[in-house]
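J.: File follows, run_16.txt with compact mmCIF, C-alpha atoms:
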```txt
# COMPACT_ATOMS: atom_id res chain seq x y z
CA MET A 24 96.14 63.87 138.19
CA ASN A 25 95.32 62.06 141.44
CA GLN A 26 97.69 63.78 143.84
CA GLU A 27 96.81 67.25 142.56
CA SER A 28 93.84 69.11 143.89
CA TYR A 29 92.48 70.03 140.50
CA HIS A 30 89.58 68.64 138.65
CA TRP A 31 89.95 67.47 135.07
CA LEU A 32 86.66 69.18 134.16
CA VAL A 33 87.96 72.70 134.78
CA VAL A 34 89.58 73.22 131.39
CA PRO A 35 86.79 71.60 129.31
CA THR A 36 84.21 73.70 131.15
CA SER A 37 85.98 76.90 130.13
CA PHE A 38 85.96 75.74 126.51
CA ILE A 39 82.26 74.90 126.67
CA VAL A 40 81.48 78.36 128.02
CA ALA A 41 83.57 79.89 125.23
CA MET A 42 81.66 77.84 122.64
CA LEU A 43 78.35 79.01 124.10
CA LEU A 44 79.57 82.60 123.76
CA MET A 45 80.47 81.80 120.15
CA LEU A 46 76.87 80.69 119.45
CA LEU A 47 75.05 83.30 121.51
CA PRO A 48 72.71 85.31 119.29
CA MET A 49 73.75 88.95 119.12
CA PRO A 50 72.28 92.06 117.47
CA GLU A 51 72.71 92.23 113.70
CA TRP A 52 75.35 94.99 113.72
CA THR A 53 77.73 93.01 115.92
CA VAL A 54 77.85 90.02 113.56
CA TRP A 55 81.38 90.73 112.37
CA LEU A 56 82.61 92.08 115.70
CA ARG A 57 82.27 88.87 117.68
CA PRO A 58 85.62 88.11 119.32
CA THR A 59 87.05 84.65 118.78
CA TRP A 60 86.18 83.50 122.30
CA VAL A 61 87.38 79.93 121.95
CA LEU A 62 90.74 81.02 120.60
CA LEU A 63 91.19 83.53 123.43
CA VAL A 64 90.56 80.84 126.03
CA LEU A 65 92.87 78.50 124.17
CA ILE A 66 95.64 81.11 124.06
CA TYR A 67 95.24 81.69 127.79
CA TRP A 68 95.54 78.00 128.67
CA ALA A 69 98.36 77.35 126.20
CA MET A 70 100.22 80.26 127.76
CA THR A 71 99.72 79.25 131.41
CA ILE A 72 99.72 75.45 131.35
CA PRO A 73 101.43 74.53 128.04
CA TYR A 74 102.21 71.02 129.31
CA ARG A 75 98.48 70.27 129.58
CA VAL A 76 96.84 72.39 126.89
CA ASN A 77 98.84 72.29 123.70
CA VAL A 78 98.62 71.58 120.01
CA GLY A 79 96.64 68.35 120.49
CA THR A 80 94.00 70.10 122.59
CA ALA A 81 93.82 72.84 119.99
CA TRP A 82 93.11 70.28 117.29
CA ILE A 83 90.26 68.63 119.19
CA VAL A 84 88.70 71.95 120.19
CA GLY A 85 89.01 73.09 116.57
CA ILE A 86 87.16 70.04 115.27
CA PHE A 87 84.32 70.65 117.73
CA LEU A 88 84.18 74.28 116.66
CA ASP A 89 83.98 73.20 113.02
CA VAL A 90 80.98 71.01 113.68
CA LEU A 91 79.39 73.75 115.76
CA THR A 92 79.80 76.51 113.18
CA GLY A 93 79.22 74.32 110.14
CA THR A 94 82.51 75.16 108.47
CA LEU A 95 84.66 72.68 106.58
CA LEU A 96 85.69 69.94 108.99
CA GLY A 97 89.28 70.65 110.02
CA GLU A 98 89.31 74.32 109.09
CA HIS A 99 89.31 75.73 112.61
CA ALA A 100 91.38 72.76 113.75
CA LEU A 101 94.20 73.65 111.38
CA ALA A 102 94.15 77.34 112.23
CA MET A 103 94.05 76.71 115.97
CA THR A 104 96.83 74.13 115.81
CA ILE A 105 99.17 76.50 114.02
CA VAL A 106 98.42 79.44 116.32
CA THR A 107 98.75 77.29 119.45
CA TYR A 108 102.14 76.06 118.29
CA PHE A 109 103.46 79.61 118.35
CA VAL A 110 101.75 80.41 121.64
CA VAL A 111 103.33 77.37 123.31
CA ARG A 112 106.73 78.27 121.90
CA MET A 113 106.47 81.79 123.26
CA HIS A 114 104.67 81.02 126.49
CA ALA A 115 107.58 82.00 128.76
CA GLN A 116 107.88 85.41 127.13
CA LEU A 117 104.14 85.99 126.97
CA ARG A 118 103.78 85.44 130.71
CA MET A 119 106.33 88.18 131.40
CA TYR A 120 104.62 90.80 129.26
CA SER A 121 102.24 93.44 130.51
CA LEU A 122 98.58 93.11 129.60
CA ILE A 123 98.91 95.66 126.80
CA GLN A 124 101.87 93.88 125.26
CA GLN A 125 100.05 90.58 125.56
CA GLY A 126 97.07 92.20 123.89
CA LEU A 127 99.19 93.19 120.90
CA TRP A 128 100.47 89.65 120.58
CA VAL A 129 96.92 88.34 120.84
CA PHE A 130 96.01 90.70 118.01
CA LEU A 131 98.72 89.10 115.87
CA PHE A 132 97.66 85.58 116.83
CA VAL A 133 93.99 86.19 116.04
CA MET A 134 94.97 87.93 112.82
CA GLY A 135 97.01 84.87 111.80
CA TYR A 136 94.13 82.60 112.75
CA GLN A 137 91.72 84.64 110.67
CA PHE A 138 94.17 84.72 107.80
CA ILE A 139 94.31 80.90 107.74
CA LEU A 140 90.50 80.69 107.83
CA PHE A 141 90.32 83.33 105.08
CA CYS A 142 92.68 81.32 102.86
CA ILE A 143 90.68 78.11 103.35
CA GLN A 144 87.42 79.91 102.62
CA GLY A 145 89.10 81.26 99.50
CA PHE A 146 90.07 77.74 98.40
CA ILE A 147 86.49 76.51 98.63
CA GLY A 148 85.19 79.65 96.97
CA SER A 149 83.08 81.27 99.68
CA LEU A 150 84.96 84.27 100.99
CA PRO A 151 83.39 86.53 103.60
CA ASN A 152 81.74 89.40 101.74
CA SER A 153 82.87 92.22 104.00
CA TRP A 154 86.16 93.73 105.09
CA LEU A 155 84.67 93.88 108.56
CA TYR A 156 85.69 90.23 108.77
CA TRP A 157 89.08 91.36 110.08
CA SER A 158 87.56 93.56 112.79
CA SER A 159 87.08 90.62 115.14
CA SER A 160 90.84 90.47 115.79
CA LEU A 161 90.56 94.06 116.99
CA THR A 162 87.70 93.28 119.37
CA SER A 163 89.58 90.20 120.55
CA MET A 164 92.57 92.38 121.37
CA LEU A 165 90.46 94.94 123.22
CA LEU A 166 88.76 92.23 125.27
CA TRP A 167 91.98 90.39 126.10
CA PRO A 168 92.71 92.15 129.47
CA TRP A 169 89.27 91.17 130.76
CA VAL A 170 89.47 87.62 129.43
CA PHE A 171 92.90 87.30 130.99
CA SER A 172 91.78 88.57 134.42
CA ILE A 173 88.67 86.43 134.48
CA MET A 174 90.57 83.33 133.39
CA ARG A 175 93.29 83.99 136.00
CA ASP A 176 90.72 84.23 138.78
CA TYR A 177 89.03 81.12 137.46
CA ARG A 178 92.33 79.24 137.39
CA ARG A 179 93.27 80.31 140.93
CA ARG A 180 89.83 79.51 142.26
CA PHE A 181 90.14 75.91 141.04
CA LYS A 182 93.88 75.74 141.71
CA VAL A 183 94.87 74.66 138.21
CA ALA A 184 98.63 74.63 137.87
CA MET B 20 97.94 69.17 111.15
CA GLY B 21 98.14 66.74 108.29
CA LEU B 22 95.03 65.09 109.64
CA ALA B 23 93.24 68.43 109.62
CA ILE B 24 94.13 68.99 105.98
CA LEU B 25 93.10 65.44 105.07
CA LEU B 26 89.74 65.95 106.80
CA MET B 27 89.18 69.21 104.95
CA VAL B 28 89.86 67.63 101.59
CA LEU B 29 87.57 64.69 102.38
CA ASP B 30 84.83 67.03 103.60
CA GLN B 31 85.03 69.22 100.52
CA ARG B 32 84.75 66.17 98.26
CA GLY B 33 81.93 64.81 100.40
CA LEU B 34 83.63 61.54 101.24
CA GLY B 35 82.77 59.62 104.37
CA VAL B 36 83.11 62.40 106.92
CA GLN B 37 79.35 62.68 107.23
CA GLN B 38 79.21 60.01 109.93
CA LEU B 39 81.96 61.71 111.93
CA ARG B 40 80.09 65.01 111.70
CA THR B 41 76.85 63.39 112.82
CA ALA B 42 78.56 61.64 115.73
CA LEU B 43 80.21 64.85 116.91
CA SER B 44 77.06 66.89 116.51
CA MET B 45 75.16 64.77 119.04
CA PRO B 46 76.75 66.26 122.18
CA LEU B 47 77.07 69.63 120.49
CA SER B 48 73.38 69.94 119.64
CA LEU B 49 72.86 70.23 123.38
CA LEU B 50 74.93 73.44 123.33
CA GLU B 51 72.76 74.79 120.54
CA ASN B 52 69.65 74.13 122.58
CA VAL B 53 71.15 75.74 125.67
CA VAL B 54 72.06 78.90 123.78
CA SER B 55 68.67 79.37 122.17
CA TRP B 56 66.79 78.60 125.36
CA PRO B 57 66.82 82.15 126.84
CA VAL B 58 65.61 83.62 123.56
CA GLN B 59 62.76 81.15 123.40
CA LEU B 60 61.92 81.96 127.01
CA ILE B 61 61.74 85.67 126.20
CA ASP B 62 59.51 84.89 123.23
CA LYS B 63 57.20 82.90 125.49
CA LEU B 64 57.15 85.68 128.09
CA GLY B 65 56.24 88.12 125.33
CA ASP B 66 53.35 85.85 124.37
CA THR B 67 52.03 85.61 127.91
CA VAL B 68 52.16 89.30 128.72
CA SER B 69 50.76 90.56 125.42
CA THR B 70 47.52 92.39 126.05
CA HIS B 71 44.03 91.15 125.38
CA ASP B 72 43.40 93.91 122.83
CA ALA B 73 46.48 93.06 120.82
CA LEU B 74 45.47 89.40 120.76
CA VAL B 75 41.93 90.21 119.61
CA LYS B 76 43.27 92.46 116.88
CA GLU B 77 45.75 89.83 115.74
CA ASN B 78 43.03 87.21 115.80
CA LEU B 79 40.80 89.33 113.57
CA ASP B 80 43.65 89.98 111.18
CA LEU B 81 44.47 86.31 110.99
CA LYS B 82 40.82 85.39 110.41
CA SER B 83 40.49 87.76 107.50
CA GLN B 84 43.77 86.52 106.11
CA GLN B 85 42.63 82.94 106.46
CA LEU B 86 39.44 83.74 104.59
CA LEU B 87 41.43 85.18 101.73
CA LEU B 88 43.77 82.20 101.64
CA LYS B 89 40.87 79.75 101.77
CA ALA B 90 39.30 81.41 98.79
CA GLN B 91 42.56 81.08 96.90
CA VAL B 92 42.95 77.45 97.97
CA GLN B 93 39.48 76.64 96.66
CA ARG B 94 40.47 77.91 93.28
CA LEU B 95 43.74 75.97 93.48
CA LEU B 96 41.96 72.76 94.42
CA ALA B 97 39.80 73.01 91.35
CA ILE B 98 42.85 73.64 89.22
CA GLU B 99 44.76 70.82 90.86
CA SER B 100 42.04 68.25 90.28
CA GLU B 101 41.71 69.38 86.70
CA ASN B 102 45.46 69.16 86.34
CA ASN B 103 45.51 65.67 87.81
CA GLN B 104 42.79 64.56 85.39
CA LEU B 105 44.71 65.92 82.45
CA LYS B 106 47.89 64.26 83.66
CA ALA B 107 46.07 60.98 84.13
CA LEU B 108 44.93 61.33 80.54
CA LEU B 109 48.51 61.81 79.53
CA ARG B 110 49.46 58.86 81.74
CA SER B 111 52.17 60.80 83.50
CA SER B 112 52.72 60.58 87.23
CA THR B 113 50.15 62.48 89.29
CA GLU B 114 51.16 65.12 91.75
CA VAL B 115 50.50 64.16 95.34
CA ARG B 116 51.47 66.48 98.13
CA GLY B 117 54.06 65.12 100.56
CA LYS B 118 54.06 65.26 104.34
CA VAL B 119 54.99 68.60 105.87
CA LEU B 120 56.29 69.64 109.28
CA ILE B 121 56.81 73.15 110.65
CA ALA B 122 60.20 73.80 112.24
CA LYS B 123 61.59 76.85 113.97
CA LEU B 124 65.00 78.39 113.51
CA LEU B 125 67.09 78.07 116.62
CA ALA B 126 68.48 81.36 117.85
CA VAL B 127 72.04 80.31 117.16
CA ASP B 128 74.61 82.46 115.43
CA THR B 129 77.04 80.80 113.09
CA GLU B 130 80.07 82.38 111.47
CA PRO B 131 78.74 85.20 109.31
CA PHE B 132 80.43 83.82 106.20
CA VAL B 133 78.70 80.45 106.52
CA ASN B 134 75.28 80.32 104.84
CA GLN B 135 73.64 77.86 107.19
CA VAL B 136 70.90 77.92 109.79
CA VAL B 137 70.01 75.53 112.61
CA LEU B 138 66.49 74.11 113.05
CA ASP B 139 64.83 72.74 116.20
CA ARG B 140 63.91 69.38 114.62
CA GLY B 141 66.22 66.43 114.31
CA SER B 142 66.35 62.72 113.66
CA LEU B 143 63.71 62.17 116.38
CA ASP B 144 61.24 63.86 114.00
CA ALA B 145 62.50 61.72 111.08
CA VAL B 146 64.42 64.57 109.48
CA TYR B 147 66.91 63.17 106.99
CA ILE B 148 69.99 64.45 105.20
CA GLY B 149 69.11 65.98 101.85
CA GLN B 150 65.58 66.93 102.91
CA PRO B 151 64.22 70.11 101.28
CA VAL B 152 63.36 73.09 103.50
CA LEU B 153 60.89 75.78 102.42
CA ASP B 154 59.64 79.01 103.90
CA ALA B 155 56.40 80.82 103.13
CA ASN B 156 57.82 82.31 99.94
CA GLY B 157 59.96 79.64 98.39
CA VAL B 158 62.77 77.14 98.64
CA MET B 159 65.18 77.87 101.44
CA GLY B 160 67.70 75.04 101.26
CA LYS B 161 68.27 71.48 102.27
CA ILE B 162 69.34 69.58 105.38
CA ILE B 163 73.03 68.71 105.52
CA GLN B 164 73.49 67.54 109.08
CA VAL B 165 71.06 65.92 111.49
CA GLY B 166 71.43 65.62 115.26
CA PRO B 167 68.84 64.09 117.59
CA THR B 168 67.00 67.36 118.25
CA THR B 169 68.58 69.82 115.85
CA SER B 170 69.47 69.90 112.19
CA ARG B 171 71.48 72.18 109.96
CA VAL B 172 70.23 73.71 106.72
CA LEU B 173 72.48 74.67 103.82
CA LEU B 174 70.83 77.76 102.34
CA VAL B 175 70.35 78.04 98.58
CA ASN B 176 72.78 80.95 98.36
CA ASP B 177 75.75 78.92 99.60
CA THR B 178 78.36 78.11 96.99
CA ARG B 179 77.98 74.41 97.76
CA SER B 180 74.27 74.45 96.93
CA GLY B 181 72.75 73.81 93.52
CA ILE B 182 69.07 73.48 92.52
CA PRO B 183 67.64 72.30 89.22
CA VAL B 184 65.14 74.99 88.19
CA GLN B 185 62.63 75.63 85.45
CA ASN B 186 61.41 78.89 83.97
CA THR B 187 57.65 79.26 84.49
CA ARG B 188 57.25 81.29 81.29
CA ASN B 189 58.63 78.75 78.84
CA SER B 190 59.80 75.68 80.84
CA VAL B 191 63.46 76.25 80.06
CA ARG B 192 65.55 74.23 82.51
CA ALA B 193 68.77 75.33 84.22
CA ILE B 194 70.74 74.87 87.40
CA ALA B 195 70.89 77.62 90.03
CA VAL B 196 73.97 77.63 92.21
CA GLY B 197 74.55 79.83 95.21
CA ASP B 198 76.82 82.84 95.28
CA SER B 199 77.70 83.51 98.91
CA PHE B 200 79.49 86.72 98.09
CA SER B 201 76.37 88.53 96.88
CA GLY B 202 73.90 86.35 98.79
CA LYS B 203 72.05 85.59 95.54
CA LEU B 204 71.90 82.74 93.02
CA ARG B 205 73.41 82.35 89.58
CA LEU B 206 72.25 80.23 86.67
CA VAL B 207 75.20 78.30 85.32
CA ASN B 208 75.95 76.99 81.82
CA VAL B 209 73.15 78.86 80.08
CA THR B 210 74.05 79.55 76.47
CA GLN B 211 73.36 82.87 74.74
CA THR B 212 70.54 81.46 72.67
CA VAL B 213 68.38 80.36 75.59
CA ASP B 214 65.33 82.52 76.23
CA ILE B 215 65.58 83.83 79.80
CA LYS B 216 64.69 87.43 80.62
CA ALA B 217 64.88 89.60 83.71
CA GLY B 218 61.67 89.20 85.72
CA ASP B 219 61.14 85.53 84.89
CA ILE B 220 60.04 83.37 87.81
CA LEU B 221 62.00 80.17 88.39
CA VAL B 222 60.53 77.13 90.14
CA THR B 223 62.09 73.81 91.11
CA SER B 224 61.97 71.37 88.23
CA GLY B 225 61.94 68.22 90.37
CA LEU B 226 64.91 66.79 88.55
CA GLY B 227 67.72 65.67 90.80
CA GLU B 228 65.21 64.14 93.25
CA ASN B 229 66.15 66.35 96.19
CA TYR B 230 63.60 69.11 95.77
CA PRO B 231 59.95 68.44 94.89
CA ALA B 232 58.79 70.07 91.66
CA GLY B 233 56.96 73.37 91.42
CA TYR B 234 58.16 75.39 94.40
CA PRO B 235 59.35 78.95 93.69
CA VAL B 236 63.10 79.44 93.87
CA GLY B 237 63.58 83.01 92.73
CA GLN B 238 63.16 85.75 90.19
CA VAL B 239 65.68 86.56 87.49
CA GLU B 240 67.21 89.90 88.41
CA SER B 241 69.56 90.57 85.53
CA VAL B 242 70.78 88.86 82.39
CA ALA B 243 74.12 89.97 80.97
CA SER B 244 75.39 88.48 77.77
CA ASP B 245 78.96 89.17 76.80
CA PRO B 246 79.74 88.16 73.21
CA GLY B 247 83.19 87.03 74.30
CA MET B 248 81.82 84.54 76.78
CA GLN B 249 80.25 81.22 76.02
CA PHE B 250 77.58 81.46 78.68
CA GLU B 251 75.30 84.20 79.96
CA THR B 252 75.66 85.69 83.42
CA ILE B 253 72.25 85.40 85.05
CA VAL B 254 71.64 86.64 88.59
CA VAL B 255 68.62 85.35 90.48
CA GLN B 256 67.10 86.92 93.59
CA PRO B 257 65.96 84.06 95.87
CA SER B 258 62.26 84.30 96.71
CA ALA B 259 62.64 82.76 100.18
CA HIS B 260 63.51 85.27 102.89
CA LEU B 261 66.80 83.63 103.72
CA ASP B 262 67.82 86.00 106.48
CA ARG B 263 64.42 86.88 107.91
CA SER B 264 62.26 83.76 108.19
CA ARG B 265 61.79 82.35 111.68
CA GLN B 266 59.52 79.44 110.78
CA VAL B 267 60.21 77.02 107.98
CA LEU B 268 58.58 73.95 106.45
CA LEU B 269 60.26 70.57 106.25
CA VAL B 270 58.93 68.54 103.33
CA TRP B 271 58.95 64.80 102.90
CA SER B 272 58.87 64.38 99.17
CA ASN B 273 56.88 61.52 97.70
CA GLN B 274 59.84 59.49 96.52
CA LYS B 275 61.08 59.12 100.08
CA THR B 276 57.96 57.77 101.78
CA PRO B 277 58.07 54.01 102.33
CA GLU B 278 54.54 53.35 100.96
CA ASN B 279 55.58 54.85 97.70
CA HIS B 280 58.60 52.61 97.40
CA ALA B 281 56.37 49.59 98.05
CA GLN B 282 54.05 50.70 95.25
CA VAL B 283 56.85 51.26 92.82
CA ALA B 284 58.74 48.07 93.53
CA PRO B 285 56.35 45.39 92.09
CA LYS B 286 56.15 47.01 88.67
```
How would this structure read if it were set down as structure tokens?

T.:
Amino acid sequence: MNQESYHWLVVPTSFIVAMLLMLLPMPEWTVWLRPTWVLLVLIYWAMTIPYRVNVGTAWIVGIFLDVLTGTLLGEHALAMTIVTYFVVRMHAQLRMYSLIQQGLWVFLFVMGYQFILFCIQGFIGSLPNSWLYWSSSLTSMLLWPWVFSIMRDYRRRFKVA
Amino acid sequence: MGLAILLMVLDQRGLGVQQLRTALSMPLSLLENVVSWPVQLIDKLGDTVSTHDALVKENLDLKSQQLLLKAQVQRLLAIESENNQLKALLRSSTEVRGKVLIAKLLAVDTEPFVNQVVLDRGSLDAVYIGQPVLDANGVMGKIIQVGPTTSRVLLVNDTRSGIPVQNTRNSVRAIAVGDSFSGKLRLVNVTQTVDIKAGDILVTSGLGENYPAGYPVGQVESVASDPGMQFETIVVQPSAHLDRSRQVLLVWSNQKTPENHAQVAPK
């Protein structure tokens, strides 16, 4: 890390911002629509710099998210680990895709992530009480082009490679 | 991945992960404060720019309300002293009110399927895990995680929450567990012969030592008895405004204060 002109705080900062967005109070009707900000940032990093941000990072970020949202410890960690595994495996293809194609893949990833969370919530007997639960993968997909562009600018600005 | 599953199992069983949670929540409580800061600022701005007339009107309203409440309290005081005398006659333990602290809900959104809220008081204000939390109308939940300046409340309608309750009409005891799906409570293991009707008011019974006795928990909404089932299905509407309250009360029950332990010990 010493010969490169990139600061080790760049990636953690992006995750902290994503976590703040996760906590930010929103109007009542958007409760179920909140995109999975942390996962989107994680997908971006796992896609661009898979040798730095990978399954291990996903696990740690997931544990922090669990504490932050008060879910079962390890719930988000498991879901993020599994999703990140597939993202890292496909990172070469994902980079080649257009934004719309990427968006569709992101939809699948977020859907899988939500499915894992849904299963775990089912195991402990507190399922979300609305079908709108699944709508956040849709909003995540719609927001992906913007997240991608912002993250790309951010990465180039701080020369992360 | 295996570690994640192991952690989940341990957390669900309530084994030893509490310390890990507390340790991790220390840096994270900062994030919670940062997020709720703009909302608090807007609240403060609203307070400063509210007009003189509105303040005078609110003041008058509050004064009249206070008068009403004072009148009611006077009556209650008389009843309480009488009650204490009678209890002393019966040689049972007297009711002493515990210490109370007002806390505010932090403007922090959690996952919508998690029945928890975050408060702006933490271990610096001597908040402890298991502490009961009330709002103006009834029992709201208990503390499950404490950071230095924030703490997390498990609401009574979470599936992991259970409160020992008592019917005010006939002192029948039961346990109310949360039902996150409907956002209400259910009474569990109540047999068909027990006398509980729709409209009954349930209060905490004080058994189980987490919640002090006598605070309202909810009102029985419906009682359905199916002859094929061993137990009745009883739905309770919680009396606390779980999704609307902004200010809550933290209660230090009498068992937990150190003086009390000192008094009990020599006997």

J.: Using all atoms listed in the file, select each residue of chain A with any atom at most 9 Å away from an atom of chain B, and give the selection as a PyMOL selection string.

T.: chain A and resi 39+42-49+54-55+82+86-87+90-101+104-105+144+147-153+156

J.: Only C-alpha atoms, please: the residues just picked out, written as a PDB file, in the frame of the given file.

T.:
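Listed below is the output, result_32.pdb:
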```pdb
ATOM      1  CA  ILE A  39      82.260  74.900 126.670  1.00  0.00           C
ATOM      2  CA  MET A  42      81.660  77.840 122.640  1.00  0.00           C
ATOM      3  CA  LEU A  43      78.350  79.010 124.100  1.00  0.00           C
ATOM      4  CA  LEU A  44      79.570  82.600 123.760  1.00  0.00           C
ATOM      5  CA  MET A  45      80.470  81.800 120.150  1.00  0.00           C
ATOM      6  CA  LEU A  46      76.870  80.690 119.450  1.00  0.00           C
ATOM      7  CA  LEU A  47      75.050  83.300 121.510  1.00  0.00           C
ATOM      8  CA  PRO A  48      72.710  85.310 119.290  1.00  0.00           C
ATOM      9  CA  MET A  49      73.750  88.950 119.120  1.00  0.00           C
ATOM     10  CA  VAL A  54      77.850  90.020 113.560  1.00  0.00           C
ATOM     11  CA  TRP A  55      81.380  90.730 112.370  1.00  0.00           C
ATOM     12  CA  TRP A  82      93.110  70.280 117.290  1.00  0.00           C
ATOM     13  CA  ILE A  86      87.160  70.040 115.270  1.00  0.00           C
ATOM     14  CA  PHE A  87      84.320  70.650 117.730  1.00  0.00           C
ATOM     15  CA  VAL A  90      80.980  71.010 113.680  1.00  0.00           C
ATOM     16  CA  LEU A  91      79.390  73.750 115.760  1.00  0.00           C
ATOM     17  CA  THR A  92      79.800  76.510 113.180  1.00  0.00           C
ATOM     18  CA  GLY A  93      79.220  74.320 110.140  1.00  0.00           C
ATOM     19  CA  THR A  94      82.510  75.160 108.470  1.00  0.00           C
ATOM     20  CA  LEU A  95      84.660  72.680 106.580  1.00  0.00           C
ATOM     21  CA  LEU A  96      85.690  69.940 108.990  1.00  0.00           C
ATOM     22  CA  GLY A  97      89.280  70.650 110.020  1.00  0.00           C
ATOM     23  CA  GLU A  98      89.310  74.320 109.090  1.00  0.00           C
ATOM     24  CA  HIS A  99      89.310  75.730 112.610  1.00  0.00           C
ATOM     25  CA  ALA A 100      91.380  72.760 113.750  1.00  0.00           C
ATOM     26  CA  LEU A 101      94.200  73.650 111.380  1.00  0.00           C
ATOM     27  CA  THR A 104      96.830  74.130 115.810  1.00  0.00           C
ATOM     28  CA  ILE A 105      99.170  76.500 114.020  1.00  0.00           C
ATOM     29  CA  GLN A 144      87.420  79.910 102.620  1.00  0.00           C
ATOM     30  CA  ILE A 147      86.490  76.510  98.630  1.00  0.00           C
ATOM     31  CA  GLY A 148      85.190  79.650  96.970  1.00  0.00           C
ATOM     32  CA  SER A 149      83.080  81.270  99.680  1.00  0.00           C
ATOM     33  CA  LEU A 150      84.960  84.270 100.990  1.00  0.00           C
ATOM     34  CA  PRO A 151      83.390  86.530 103.600  1.00  0.00           C
ATOM     35  CA  ASN A 152      81.740  89.400 101.740  1.00  0.00           C
ATOM     36  CA  SER A 153      82.870  92.220 104.000  1.00  0.00           C
ATOM     37  CA  TYR A 156      85.690  90.230 108.770  1.00  0.00           C
TER      38      TYR A 156
END
```

J.: Report, in Å to a single decimal, how far apart CA of Ser170 (chain B) and CA of Val222 (chain B) are.

T.: 24.9 Å

J.: Give the answer as one residue: which of A:Gly126, A:Pro73, A:Pro58, A:Gly145 has the shortest atom-to-atom distance to Val111 (chain A), using only C-alpha atoms?

T.: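 Among A:Gly126, A:Pro73, A:Pro58, A:Gly145, it is A:Pro73 that comes nearest to Val111 (chain A).
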
J.: Quick one, how far is CA of Asn176 (chain B) from CA of His260 (chain B)?

T.: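 Computing the Euclidean distance for CA of Asn176 (chain B) and CA of His260 (chain B) yields 11.2 Å.
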
J.: Out of B:Leu105, B:Val158, B:Leu60, B:Leu268, which residue has the shortest atom-to-atom distance to Ala232 (chain B) when counting all atoms listed in the file?

T.: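 Among the listed residues, the smallest separation from Ala232 (chain B) belongs to B:Val158.
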
J.: Using only C-alpha atoms, which of B:Gln249, B:Ala217, B:Leu269, B:Asn102 sits nearest Val146 (chain B)?

T.: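 With only C-alpha atoms as the atom set, the closest residue is B:Leu269.
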
J.: Up to 9 Å from (87.2, 77.0, 124.4) in the file's coordinates: name the residues, counting all atoms listed in the file, as a PyMOL selection string.

T.: chain A and resi 34-42+60-65+81+84-85+88

J.: Do a neighbour search on region 175-178 of chain A at 10 Å with all atoms listed in the file, toss out local chain neighbours closer than 3 positions, and write the hits as a list in words.

T.: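 Returned residues: Tyr29, Val33, Val34, Ser37, Tyr67, Trp68, Thr71, Trp169, Val170, Phe171, Ser172, Phe181, Lys182, Val183 and Ala184 of chain A.
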
J.: Please indicate the distance in Å from CA of Met113 (chain A) to CA of Ile173 (chain A), rounded to one decimal place.

T.: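 Taking CA of Met113 (chain A) as the start and CA of Ile173 (chain A) as the end point, the length is 21.5 Å.
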
J.: Select, from A:Gly135, A:Phe130, A:Ala115, A:Val76, the residue with the minimum atom-to-atom distance to Ala102 (chain A), counting all atoms listed in the file.

T.: A:Gly135

J.: Need to verify the contact set: Met164 (chain A), 9 Å, only C-alpha atoms, exclusion of same-chain residues closer than 5 positions in sequence. Can you return it as a list in words?

T.: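 Once the adjacent positions are removed, what remains is Pro58, Ile123, Gln125, Gly126, Leu127, Trp128, Val129, Phe130, Leu131, Val133 and Ser159 of chain A.
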
J.: Counting all atoms listed in the file, find the residues whose atoms lie at most 8 Å from (63.3, 74.7, 107.3) (file coordinates) and write them out as a ChimeraX atom specification.

T.: /B:121-124,138,151-154,159-161,172,266-269

J.: Pick out the residues sitting within 6 Å of Leu221 (chain B), and hand them over as a list in words; count only C-alpha atoms, and ignore anything fewer than 3 positions along from it in its own chain.

T.: Gln185, Asn186, Thr187, Val236, Gly237 and Gln238 of chain B

J.: Now that the selection is made, can you save its residues with C-alpha atoms as a PDB file, keeping the file's coordinate frame?

T.:
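The new file part19.pdb reads:
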```pdb
ATOM      1  CA  GLN B 185      62.630  75.630  85.450  1.00  0.00           C
ATOM      2  CA  ASN B 186      61.410  78.890  83.970  1.00  0.00           C
ATOM      3  CA  THR B 187      57.650  79.260  84.490  1.00  0.00           C
ATOM      4  CA  VAL B 236      63.100  79.440  93.870  1.00  0.00           C
ATOM      5  CA  GLY B 237      63.580  83.010  92.730  1.00  0.00           C
ATOM      6  CA  GLN B 238      63.160  85.750  90.190  1.00  0.00           C
TER       7      GLN B 238
END
```
